[in-house]
$ cat query-v3.cif   # mmCIF, C-alpha atoms
data_work
loop_
_atom_site.label_atom_id
_atom_site.label_comp_id
_atom_site.auth_asym_id
_atom_site.auth_seq_id
_atom_site.Cartn_x
_atom_site.Cartn_y
_atom_site.Cartn_z
CA MET F 1 151.25 108.95 83.01
CA SER F 2 154.23 106.76 82.18
CA LYS F 3 157.69 107.48 80.79
CA ALA F 4 156.68 109.61 77.80
CA SER F 5 154.69 112.79 78.14
CA VAL F 6 151.45 112.61 76.19
CA MET F 7 152.02 114.51 72.94
CA VAL F 8 149.20 113.15 70.77
CA TYR F 9 145.74 113.45 72.29
CA LEU F 10 143.14 111.19 70.63
CA ASP F 11 140.66 110.88 73.50
CA ASN F 12 138.38 113.80 72.70
CA ASN F 13 135.19 111.82 73.35
CA ALA F 14 136.30 111.65 76.98
CA THR F 15 137.02 115.37 77.19
CA THR F 16 138.45 118.14 75.05
CA ARG F 17 141.06 120.79 75.75
CA THR F 18 139.38 124.03 76.75
CA ASP F 19 140.00 126.42 73.88
CA PRO F 20 142.30 129.30 74.93
CA SER F 21 139.80 131.85 73.61
CA VAL F 22 137.14 130.23 75.80
CA VAL F 23 139.39 130.66 78.84
CA GLN F 24 139.99 134.29 77.89
CA ALA F 25 136.25 134.91 77.58
CA MET F 26 135.68 133.41 81.05
CA LEU F 27 138.42 135.20 83.02
CA PRO F 28 136.75 138.61 83.50
CA PHE F 29 133.75 136.91 85.12
CA PHE F 30 135.88 135.69 88.01
CA THR F 31 137.37 139.04 88.99
CA GLU F 32 135.91 142.04 87.15
CA GLN F 33 132.36 141.19 86.06
CA PHE F 34 131.60 139.21 89.21
CA GLY F 35 128.02 140.32 89.87
CA ASN F 36 125.03 138.07 90.47
CA ALA F 37 122.83 137.95 87.38
CA SER F 38 119.74 138.22 89.59
CA SER F 39 120.86 141.57 91.05
CA ALA F 40 119.20 144.76 89.79
CA HIS F 41 122.32 146.95 89.87
CA GLY F 42 124.84 147.49 87.11
CA PHE F 43 127.08 144.61 88.11
CA GLY F 44 124.16 142.22 87.83
CA ARG F 45 122.83 143.66 84.57
CA GLN F 46 126.26 143.36 82.97
CA VAL F 47 126.48 139.68 83.88
CA ALA F 48 122.89 139.01 82.80
CA GLY F 49 123.72 140.44 79.38
CA ALA F 50 126.69 138.09 79.01
CA MET F 51 124.45 135.15 79.91
CA ARG F 52 121.90 136.19 77.29
CA GLN F 53 124.64 136.23 74.67
CA ALA F 54 125.82 132.77 75.72
CA ARG F 55 122.26 131.44 75.57
CA SER F 56 121.88 132.81 72.04
CA SER F 57 125.12 131.16 70.96
CA VAL F 58 123.98 127.74 72.23
CA GLN F 59 120.59 128.30 70.58
CA ALA F 60 122.27 129.02 67.25
CA LEU F 61 124.50 125.92 67.42
CA LEU F 62 121.48 123.69 68.10
CA GLY F 63 119.20 125.37 65.60
CA ALA F 64 116.63 125.98 68.34
CA ALA F 65 113.74 128.36 67.67
CA TYR F 66 114.02 130.43 70.88
CA ASP F 67 116.87 131.31 73.22
CA ASP F 68 114.72 130.61 76.28
CA GLU F 69 114.59 126.95 75.23
CA ILE F 70 118.15 126.68 76.61
CA VAL F 71 118.42 125.81 80.32
CA PHE F 72 121.94 125.90 81.75
CA THR F 73 122.90 122.93 83.95
CA SER F 74 126.06 121.42 85.42
CA GLY F 75 126.52 119.08 82.45
CA GLY F 76 125.17 116.14 80.50
CA THR F 77 124.42 113.91 83.48
CA GLU F 78 122.25 116.50 85.19
CA SER F 79 120.47 117.31 81.93
CA ASN F 80 119.75 113.63 81.28
CA ASN F 81 118.39 113.11 84.79
CA ALA F 82 116.29 116.28 84.64
CA ALA F 83 114.72 115.29 81.32
CA ILE F 84 113.71 111.77 82.30
CA LEU F 85 112.54 112.54 85.83
CA SER F 86 110.52 115.50 84.60
CA ALA F 87 108.78 113.42 81.94
CA LEU F 88 107.77 110.79 84.48
CA SER F 89 106.33 113.42 86.83
CA THR F 90 104.49 115.49 84.21
CA GLN F 91 103.08 112.80 81.91
CA GLU F 92 99.99 111.72 83.81
CA GLY F 93 99.11 108.03 83.48
CA ARG F 94 102.43 107.24 81.81
CA ASP F 95 105.09 105.27 83.66
CA GLU F 96 107.22 103.61 81.00
CA ILE F 97 110.59 104.55 79.49
CA VAL F 98 111.95 103.45 76.14
CA THR F 99 115.73 103.67 75.70
CA THR F 100 118.59 101.64 74.29
CA SER F 101 121.05 99.08 75.59
CA VAL F 102 124.02 101.23 74.51
CA GLU F 103 123.23 104.51 76.27
CA HIS F 104 125.74 106.27 78.48
CA GLN F 105 125.63 105.33 82.16
CA ALA F 106 124.08 108.74 82.87
CA ILE F 107 120.93 107.22 81.35
CA LEU F 108 121.31 103.52 82.12
CA ALA F 109 122.11 103.94 85.82
CA LEU F 110 119.07 106.18 86.24
CA VAL F 111 116.59 103.90 84.47
CA GLU F 112 117.92 100.89 86.36
CA HIS F 113 117.25 102.77 89.61
CA LEU F 114 113.77 103.77 88.42
CA SER F 115 112.92 100.21 87.41
CA LYS F 116 113.33 99.14 91.04
CA SER F 117 110.52 101.51 92.01
CA GLY F 118 108.05 100.16 89.47
CA VAL F 119 108.86 102.10 86.31
CA LYS F 120 108.84 99.80 83.28
CA VAL F 121 111.94 100.21 81.14
CA HIS F 122 112.23 98.96 77.55
CA LEU F 123 115.89 98.52 76.54
CA ILE F 124 116.06 98.34 72.75
CA ALA F 125 118.83 96.21 71.27
CA VAL F 126 121.35 97.05 68.56
CA ASP F 127 122.82 94.86 65.82
CA THR F 128 126.48 93.92 65.36
CA ARG F 129 127.10 97.31 63.69
CA GLY F 130 125.62 99.15 66.65
CA ARG F 131 122.49 100.14 64.73
CA LEU F 132 119.21 100.35 66.61
CA ASP F 133 116.44 97.79 66.10
CA LEU F 134 113.93 100.28 64.74
CA GLU F 135 110.98 97.90 64.69
CA ALA F 136 111.57 96.95 68.32
CA PHE F 137 111.74 100.63 69.23
CA ARG F 138 108.47 101.40 67.49
CA SER F 139 106.76 98.38 69.03
CA ALA F 140 107.84 99.40 72.53
CA LEU F 141 106.06 102.76 72.28
CA GLY F 142 102.55 102.81 73.69
CA PRO F 143 99.94 104.69 75.67
CA ARG F 144 101.95 104.30 78.89
CA THR F 145 105.24 105.59 77.46
CA ALA F 146 106.26 108.75 79.29
CA ILE F 147 109.51 109.33 77.44
CA ALA F 148 111.82 107.76 74.90
CA SER F 149 115.48 108.64 75.32
CA VAL F 150 117.97 107.74 72.59
CA MET F 151 121.50 109.11 72.28
CA TRP F 152 122.22 111.10 69.13
CA ALA F 153 125.59 109.38 68.72
CA ASN F 154 127.25 106.61 70.68
CA ASN F 155 130.25 107.69 72.72
CA GLU F 156 132.24 104.50 72.07
CA THR F 157 131.62 103.69 68.40
CA GLY F 158 130.41 107.05 67.08
CA THR F 159 127.34 105.38 65.56
CA ILE F 160 124.65 107.98 64.84
CA PHE F 161 121.02 107.12 65.54
CA PRO F 162 118.09 108.49 63.48
CA VAL F 163 116.81 110.62 66.35
CA GLU F 164 114.60 112.89 64.22
CA ARG F 165 112.66 109.87 62.96
CA LEU F 166 112.50 108.31 66.43
CA ALA F 167 111.23 111.59 67.84
CA ALA F 168 108.42 111.73 65.29
CA TRP F 169 107.32 108.18 66.12
CA THR F 170 107.46 108.93 69.83
CA ARG F 171 105.50 112.17 69.62
CA ALA F 172 102.81 110.39 67.59
CA THR F 173 102.05 108.28 70.68
CA GLY F 174 101.76 111.35 72.92
CA ALA F 175 105.06 110.70 74.71
CA LEU F 176 108.09 112.98 74.99
CA PHE F 177 111.38 112.40 73.21
CA HIS F 178 114.81 113.18 74.65
CA THR F 179 118.26 112.71 73.17
CA ASP F 180 121.62 112.63 74.92
CA ALA F 181 123.56 114.62 72.32
CA VAL F 182 126.69 115.12 74.40
CA GLN F 183 128.93 113.54 71.73
CA ALA F 184 127.11 114.99 68.73
CA VAL F 185 126.80 118.70 69.54
CA GLY F 186 129.42 120.61 67.57
CA ARG F 187 130.29 117.54 65.49
CA VAL F 188 127.20 117.16 63.31
CA PRO F 189 124.76 119.82 62.05
CA MET F 190 121.56 120.26 64.09
CA ASP F 191 118.28 122.03 63.37
CA LEU F 192 116.05 121.35 66.36
CA LYS F 193 113.31 123.73 65.24
CA ALA F 194 112.72 121.44 62.25
CA SER F 195 112.51 118.29 64.40
CA GLU F 196 110.11 116.91 66.98
CA ILE F 197 112.77 116.47 69.66
CA ASP F 198 111.43 117.74 73.00
CA MET F 199 114.62 117.70 75.07
CA LEU F 200 118.34 117.47 74.35
CA SER F 201 121.37 117.24 76.65
CA LEU F 202 124.81 118.68 76.00
CA SER F 203 128.03 119.17 77.94
CA GLY F 204 130.57 121.98 77.59
CA HIS F 205 133.73 119.94 78.02
CA LYS F 206 132.97 117.81 74.95
CA LEU F 207 133.17 120.85 72.63
CA HIS F 208 136.26 122.63 73.96
CA GLY F 209 134.37 124.40 76.72
CA PRO F 210 134.93 124.11 80.48
CA LYS F 211 133.91 121.19 82.67
CA GLY F 212 131.01 121.54 85.07
CA ILE F 213 128.67 123.33 82.66
CA GLY F 214 126.08 122.03 80.21
CA ALA F 215 122.61 122.70 78.99
CA LEU F 216 119.22 121.12 78.51
CA TYR F 217 117.29 122.10 75.42
CA LEU F 218 113.62 122.23 76.39
CA ARG F 219 111.19 122.77 73.53
CA LYS F 220 108.88 125.70 74.18
CA GLY F 221 105.59 124.49 75.66
CA THR F 222 107.00 121.20 76.98
CA LYS F 223 105.81 120.49 80.51
CA PHE F 224 108.78 120.49 82.86
CA ARG F 225 109.38 119.92 86.56
CA PRO F 226 112.80 121.05 87.86
CA LEU F 227 115.34 118.59 89.15
CA ILE F 228 116.89 121.30 91.35
CA TRP F 229 114.54 123.63 93.20
CA GLY F 230 115.58 127.01 94.49
CA GLY F 231 115.21 130.60 93.37
CA GLY F 232 113.91 131.97 90.11
CA GLN F 233 117.01 131.25 88.05
CA GLU F 234 116.64 129.81 84.54
CA ARG F 235 112.96 130.83 84.51
CA ARG F 236 112.45 128.64 87.61
CA ARG F 237 113.59 125.55 85.73
CA ARG F 238 116.94 125.12 87.53
CA GLY F 239 117.52 126.67 90.93
CA GLY F 240 120.84 127.98 92.20
CA THR F 241 123.09 130.94 91.48
CA GLU F 242 124.31 130.59 87.92
CA ASN F 243 127.83 129.45 87.09
CA VAL F 244 128.45 132.62 85.10
CA PRO F 245 132.08 131.95 84.03
CA GLY F 246 131.06 128.46 82.92
CA ILE F 247 128.02 129.75 81.03
CA VAL F 248 130.10 132.39 79.25
CA GLY F 249 132.67 129.71 78.41
CA LEU F 250 130.00 127.38 77.05
CA GLY F 251 128.60 130.20 74.94
CA LYS F 252 132.01 130.97 73.45
CA ALA F 253 132.65 127.27 72.83
CA ALA F 254 129.28 126.99 71.05
CA GLU F 255 130.14 130.00 68.90
CA LEU F 256 133.48 128.47 67.91
CA ALA F 257 131.92 125.05 67.28
CA ALA F 258 129.42 126.60 64.87
CA GLU F 259 132.28 128.24 62.96
CA ARG F 260 134.25 124.98 62.79
CA LEU F 261 131.41 122.60 61.98
CA ASP F 262 132.27 122.21 58.31
CA GLU F 263 135.87 121.44 59.23
CA ALA F 264 134.71 118.85 61.76
CA CYS F 265 132.70 117.11 59.06
CA VAL F 266 135.38 117.12 56.36
CA ARG F 267 139.00 117.57 57.51
CA VAL F 268 138.65 115.65 60.77
CA ALA F 269 136.81 112.81 59.03
CA ALA F 270 139.62 112.58 56.47
CA LEU F 271 142.22 112.28 59.24
CA ARG F 272 140.09 109.64 60.97
CA ASP F 273 139.83 107.67 57.72
CA ARG F 274 143.60 107.89 57.17
CA LEU F 275 144.19 106.51 60.67
CA GLU F 276 141.71 103.68 60.13
CA ARG F 277 143.15 102.60 56.78
CA SER F 278 146.65 102.48 58.19
CA ILE F 279 145.68 100.53 61.28
CA LEU F 280 143.69 97.97 59.30
CA GLN F 281 146.79 97.17 57.23
CA ASN F 282 148.22 95.52 60.34
CA GLY F 283 145.67 92.73 60.01
CA ARG F 284 143.57 90.92 62.62
CA CYS F 285 141.68 94.08 63.53
CA THR F 286 138.18 95.37 62.79
CA VAL F 287 136.43 98.73 62.87
CA LEU F 288 133.40 98.59 65.15
CA GLY F 289 130.17 100.34 64.25
CA GLY F 290 128.72 101.40 60.92
CA PRO F 291 131.28 102.44 58.29
CA SER F 292 129.45 105.60 57.25
CA ASN F 293 126.72 106.78 59.62
CA ARG F 294 128.92 107.79 62.54
CA LEU F 295 130.64 110.79 64.04
CA PRO F 296 133.40 112.18 61.82
CA ASN F 297 135.93 112.16 64.65
CA THR F 298 135.50 108.66 66.06
CA THR F 299 136.86 105.22 65.28
CA ASN F 300 136.75 102.18 67.54
CA ILE F 301 139.02 99.36 66.42
CA THR F 302 139.26 95.95 68.04
CA PHE F 303 142.49 93.96 67.88
CA ASP F 304 141.86 90.21 67.89
CA GLY F 305 143.44 88.31 70.75
CA LEU F 306 145.02 91.34 72.40
CA ASP F 307 144.20 93.24 75.57
CA GLY F 308 143.10 96.82 75.11
CA GLU F 309 144.63 97.96 78.40
CA ALA F 310 148.02 96.61 77.30
CA ILE F 311 147.77 98.43 73.97
CA LEU F 312 146.84 101.65 75.78
CA HIS F 313 149.81 101.26 78.11
CA HIS F 314 152.24 101.03 75.21
CA LEU F 315 150.54 103.85 73.31
CA ASN F 316 150.86 106.01 76.39
CA ARG F 317 154.57 105.23 76.64
CA ALA F 318 154.85 106.31 73.01
CA GLY F 319 153.19 109.61 73.85
CA ILE F 320 149.75 108.77 72.45
CA ALA F 321 146.50 109.06 74.43
CA ALA F 322 143.50 106.96 73.39
CA SER F 323 140.84 105.03 75.29
CA VAL F 324 139.27 101.61 75.73
CA GLY F 325 135.82 103.23 75.67
CA SER F 326 133.83 105.45 77.98
CA ALA F 327 135.95 107.48 80.38
CA CYS F 328 133.21 107.07 83.00
CA SER F 329 133.83 103.32 83.15
CA SER F 330 137.61 103.24 82.73
CA GLY F 331 139.32 101.02 85.24
CA ALA F 332 136.47 98.50 85.15
CA MET F 333 137.61 94.99 84.23
CA GLU F 334 134.28 94.09 82.65
CA PRO F 335 134.00 94.46 78.86
CA SER F 336 132.15 97.50 77.57
CA HIS F 337 128.36 97.16 77.74
CA VAL F 338 128.23 98.73 74.27
CA LEU F 339 130.46 96.06 72.74
CA ARG F 340 128.58 93.29 74.54
CA ALA F 341 125.31 94.68 73.19
CA MET F 342 126.86 94.55 69.70
CA GLN F 343 127.80 90.90 70.28
CA VAL F 344 131.48 91.49 69.56
CA PRO F 345 133.22 88.05 69.52
CA ALA F 346 134.94 86.94 72.71
CA ASN F 347 138.46 87.03 71.21
CA SER F 348 137.96 90.72 70.30
CA LEU F 349 135.86 91.93 73.21
CA HIS F 350 138.78 93.03 75.41
CA GLY F 351 140.91 94.40 72.57
CA ALA F 352 138.97 97.48 71.48
CA ILE F 353 140.62 100.90 71.34
CA ARG F 354 138.74 104.14 70.70
CA PHE F 355 140.53 106.95 68.91
CA SER F 356 138.61 110.24 68.98
CA LEU F 357 139.95 113.27 67.16
CA SER F 358 139.18 117.00 67.28
CA HIS F 359 139.74 120.05 65.08
CA GLU F 360 143.10 120.38 66.87
CA THR F 361 144.32 116.99 65.58
CA THR F 362 147.00 117.31 62.91
CA ALA F 363 148.13 115.09 60.06
CA GLU F 364 151.54 114.84 61.72
CA GLU F 365 149.94 113.46 64.89
CA ILE F 366 148.08 110.82 62.90
CA GLU F 367 151.35 109.81 61.24
CA GLN F 368 152.96 109.48 64.66
CA VAL F 369 150.29 106.94 65.63
CA VAL F 370 150.64 105.15 62.28
CA ARG F 371 154.38 104.77 62.86
CA ALA F 372 154.16 103.67 66.49
CA LEU F 373 151.31 101.18 66.43
CA PRO F 374 152.75 98.36 64.25
CA ASP F 375 155.69 97.82 66.63
CA ILE F 376 153.36 97.86 69.63
CA LEU F 377 151.07 95.26 68.06
CA ALA F 378 153.99 93.07 67.00
CA ARG F 379 155.48 93.19 70.48
CA LEU F 380 152.18 92.30 72.16
CA ARG F 381 151.40 89.53 69.70
CA GLY F 382 154.86 88.10 70.27
CA MET F 383 154.26 88.12 74.02
CA SER F 384 150.90 86.39 73.48
CA ARG F 385 152.57 83.62 71.47
CA GLU F 386 155.17 83.12 74.18
CA LEU F 387 152.50 82.84 76.84
CA ALA F 388 150.52 80.41 74.72
CA ASN F 389 153.59 78.21 74.00
CA PRO F 390 155.91 78.43 77.04
CA ALA F 391 157.65 75.13 76.21
CA SER F 392 159.03 76.55 72.95
CA ASN F 393 160.72 79.41 74.82
CA PRO F 394 162.93 77.85 77.54
#

$ encode --input "query-v3.cif" --output "structure tokens"
Amino acid sequence: MSKASVMVYLDNNATTRTDPSVVQAMLPFFTEQFGNASSAHGFGRQVAGAMRQARSSVQALLGAAYDDEIVFTSGGTESNNAAILSALSTQEGRDEIVTTSVEHQAILALVEHLSKSGVKVHLIAVDTRGRLDLEAFRSALGPRTAIASVMWANNETGTIFPVERLAAWTRATGALFHTDAVQAVGRVPMDLKASEIDMLSLSGHKLHGPKGIGALYLRKGTKFRPLIWGGGQERRRRGGTENVPGIVGLGKAAELAAERLDEACVRVAALRDRLERSILQNGRCTVLGGPSNRLPNTTNITFDGLDGEAILHHLNRAGIAASVGSACSSGAMEPSHVLRAMQVPANSLHGAIRFSLSHETTAEEIEQVVRALPDILARLRGMSRELANPASNP
């Protein structure tokens, strides 16, 4: 971090602050309630009860029909891998995957690896607003499709995909449907029991829970082969002694997210809109993604002719944390694969900044950004003019 300490945190799609009440819920399971949930004695039974409560809380947030449809994992990446690899191994005679060109690397890196071993992968394109080509998706489904995997909401633009409709189309062909909902859980309402989604991935640290814990929703009756083999934990669907403090923390975070969901959809969206309107008044900048069908906390704005890393540097010095896109690819000099898939013009491709809010974001923090950004943009645009016309500045 540079000269100013970060005071305004607008990078919640990368990770969220663990809620203090989540930390408090976790602490006893490090020192007091430390038993193994598989043990038959009182220590174990006490811990097993806490895990059941956490499972029920995640079930309620997702709108799942049964609590045993929740399988605890280490996070979104493991859940994504488990879903896709299981589908390929359990769907006999099916060896094709349908996904999108704007998925998180937890999906894209895996399917690229699988394609080298003979699995056929259909990457469905998006338009300039980040919206999926629905006809191309439907056409790619067929008798050899093992699984279709489409993110619920894009981590860079916030664009929401019609996953319930995609799931219905996929299931009609006999294939399984999975959604990476890491960015959407706790930010949009969900009712999985009313959908045809077979599997869903989530991660605790995106909803004010701890890092290193997540879950895979697995619809009851869905064939499943574990990614991690071991003992009988998680009904033999994920081996290894359970991360009890993490599971308890995820459960508490899910409980809080359910309570705050209306706020996330209304107050946070209003703050996001206020930020957008103010930034756009600076001119030569554009909001990426659809204007309405997106996460309430996310805006991705590209600044024509400027470098996003330079903007971030100056924002950081002003005590404001934002992002150029996915935290998992930060530091890479290549433009975002999401923005390239959206065919963002070359003069804007490197100038995109993602601001992602949370229920903790205040109106005062938004005003701090609104005040700081115009000077930053003016300074950088002045430097760009000097570089472009060195002879006029001896």

$ resolve_selection --input "query-v3.cif" --expression "the PyMOL selection byres ((chain F and resi 51) around 10)" --output "PyMOL selection string"
chain F and resi 37+45-50+52-57+72+242-251

$ residues_around --input "query-v3.cif" --residues "Gly174 of chain F" --least-positions-apart "2" --cutoff "9 Å" --atoms "all atoms listed in the file" --output "list of chain:residue names"
F:Gly142, F:Pro143, F:Thr145, F:Ala146, F:Thr170, F:Arg171, F:Ala172, F:Leu176

$ resolve_selection --input "query-v3.cif" --expression "the PyMOL selection byres ((chain F and resi 194) around 12)" --output "list in words"
Leu62, Gly63, Ala64, Ala65, Glu164, Arg165, Ala167, Ala168, Met190, Asp191, Leu192, Lys193, Ser195, Glu196, Ile197, Asp198 and Arg219 of chain F

$ residues_around --input "query-v3.cif" --residues "Lys120 of chain F" --least-positions-apart "2" --cutoff "8 Å" --atoms "all atoms listed in the file" --output "list in words"
Asp95, Glu96, Ile97, Ser115, Gly118 and His122 of chain F

$ axis_aligned_box --input "query-v3.cif" --around "segment 101-104 of chain F" --padding-each-side "3 Å" --output "JSON"
{"center_x": 123.4, "center_y": 102.7, "center_z": 76.5, "size_x": 10.7, "size_y": 13.2, "size_z": 10.0}

$ residues_around --input "query-v3.cif" --residues "Glu276 of chain F" --least-positions-apart "3" --cutoff "10 Å" --atoms "all atoms listed in the file" --output "VMD selection string"
chain F and resid 270 to 273 279 to 281 286 to 287 298 to 301 355 366 370

$ decode --input "query-v3.cif" --residues "segment 99-120 of chain F" --atoms "N, CA and C atoms" --output "compact mmCIF listing (two decimals), in the first residue's frame"
# COMPACT_ATOMS: atom_id res chain seq x y z
N THR F 99 -19.97 -23.85 -21.81
CA THR F 99 -19.76 -22.78 -20.84
C THR F 99 -19.61 -21.47 -21.59
N THR F 100 -19.17 -20.42 -20.93
CA THR F 100 -19.09 -19.12 -21.59
C THR F 100 -17.66 -18.61 -21.65
N SER F 101 -17.47 -17.63 -22.50
CA SER F 101 -16.13 -17.04 -22.68
C SER F 101 -15.77 -16.07 -21.57
N VAL F 102 -16.71 -15.80 -20.64
CA VAL F 102 -16.45 -14.80 -19.60
C VAL F 102 -16.47 -15.41 -18.20
N GLU F 103 -16.36 -16.73 -18.11
CA GLU F 103 -16.33 -17.37 -16.80
C GLU F 103 -15.07 -16.99 -16.02
N HIS F 104 -15.12 -17.24 -14.73
CA HIS F 104 -13.93 -17.09 -13.89
C HIS F 104 -12.90 -18.13 -14.29
N GLN F 105 -11.63 -17.84 -13.99
CA GLN F 105 -10.57 -18.78 -14.35
C GLN F 105 -10.72 -20.13 -13.66
N ALA F 106 -11.45 -20.18 -12.55
CA ALA F 106 -11.70 -21.46 -11.89
C ALA F 106 -12.47 -22.41 -12.78
N ILE F 107 -13.19 -21.88 -13.76
CA ILE F 107 -13.86 -22.69 -14.77
C ILE F 107 -13.01 -22.78 -16.03
N LEU F 108 -12.56 -21.64 -16.54
CA LEU F 108 -11.88 -21.62 -17.84
C LEU F 108 -10.57 -22.40 -17.83
N ALA F 109 -9.80 -22.30 -16.76
CA ALA F 109 -8.54 -23.04 -16.69
C ALA F 109 -8.80 -24.54 -16.69
N LEU F 110 -9.86 -24.96 -15.99
CA LEU F 110 -10.19 -26.38 -15.94
C LEU F 110 -10.64 -26.89 -17.30
N VAL F 111 -11.53 -26.19 -17.97
CA VAL F 111 -12.04 -26.71 -19.25
C VAL F 111 -10.95 -26.67 -20.32
N GLU F 112 -10.04 -25.69 -20.22
CA GLU F 112 -8.92 -25.69 -21.16
C GLU F 112 -8.06 -26.93 -20.96
N HIS F 113 -7.81 -27.29 -19.71
CA HIS F 113 -7.05 -28.50 -19.39
C HIS F 113 -7.78 -29.74 -19.91
N LEU F 114 -9.09 -29.79 -19.70
CA LEU F 114 -9.86 -30.96 -20.13
C LEU F 114 -9.91 -31.09 -21.65
N SER F 115 -9.91 -29.95 -22.34
CA SER F 115 -9.96 -29.99 -23.80
C SER F 115 -8.73 -30.66 -24.40
N LYS F 116 -7.60 -30.60 -23.68
CA LYS F 116 -6.38 -31.21 -24.17
C LYS F 116 -6.42 -32.74 -24.06
N SER F 117 -7.37 -33.25 -23.27
CA SER F 117 -7.51 -34.70 -23.14
C SER F 117 -8.71 -35.23 -23.90
N GLY F 118 -9.24 -34.43 -24.81
CA GLY F 118 -10.29 -34.91 -25.70
C GLY F 118 -11.69 -34.46 -25.39
N VAL F 119 -11.90 -33.75 -24.29
CA VAL F 119 -13.23 -33.24 -23.98
C VAL F 119 -13.52 -32.06 -24.90
N LYS F 120 -14.70 -32.07 -25.52
CA LYS F 120 -15.08 -30.96 -26.40
C LYS F 120 -15.72 -29.86 -25.57
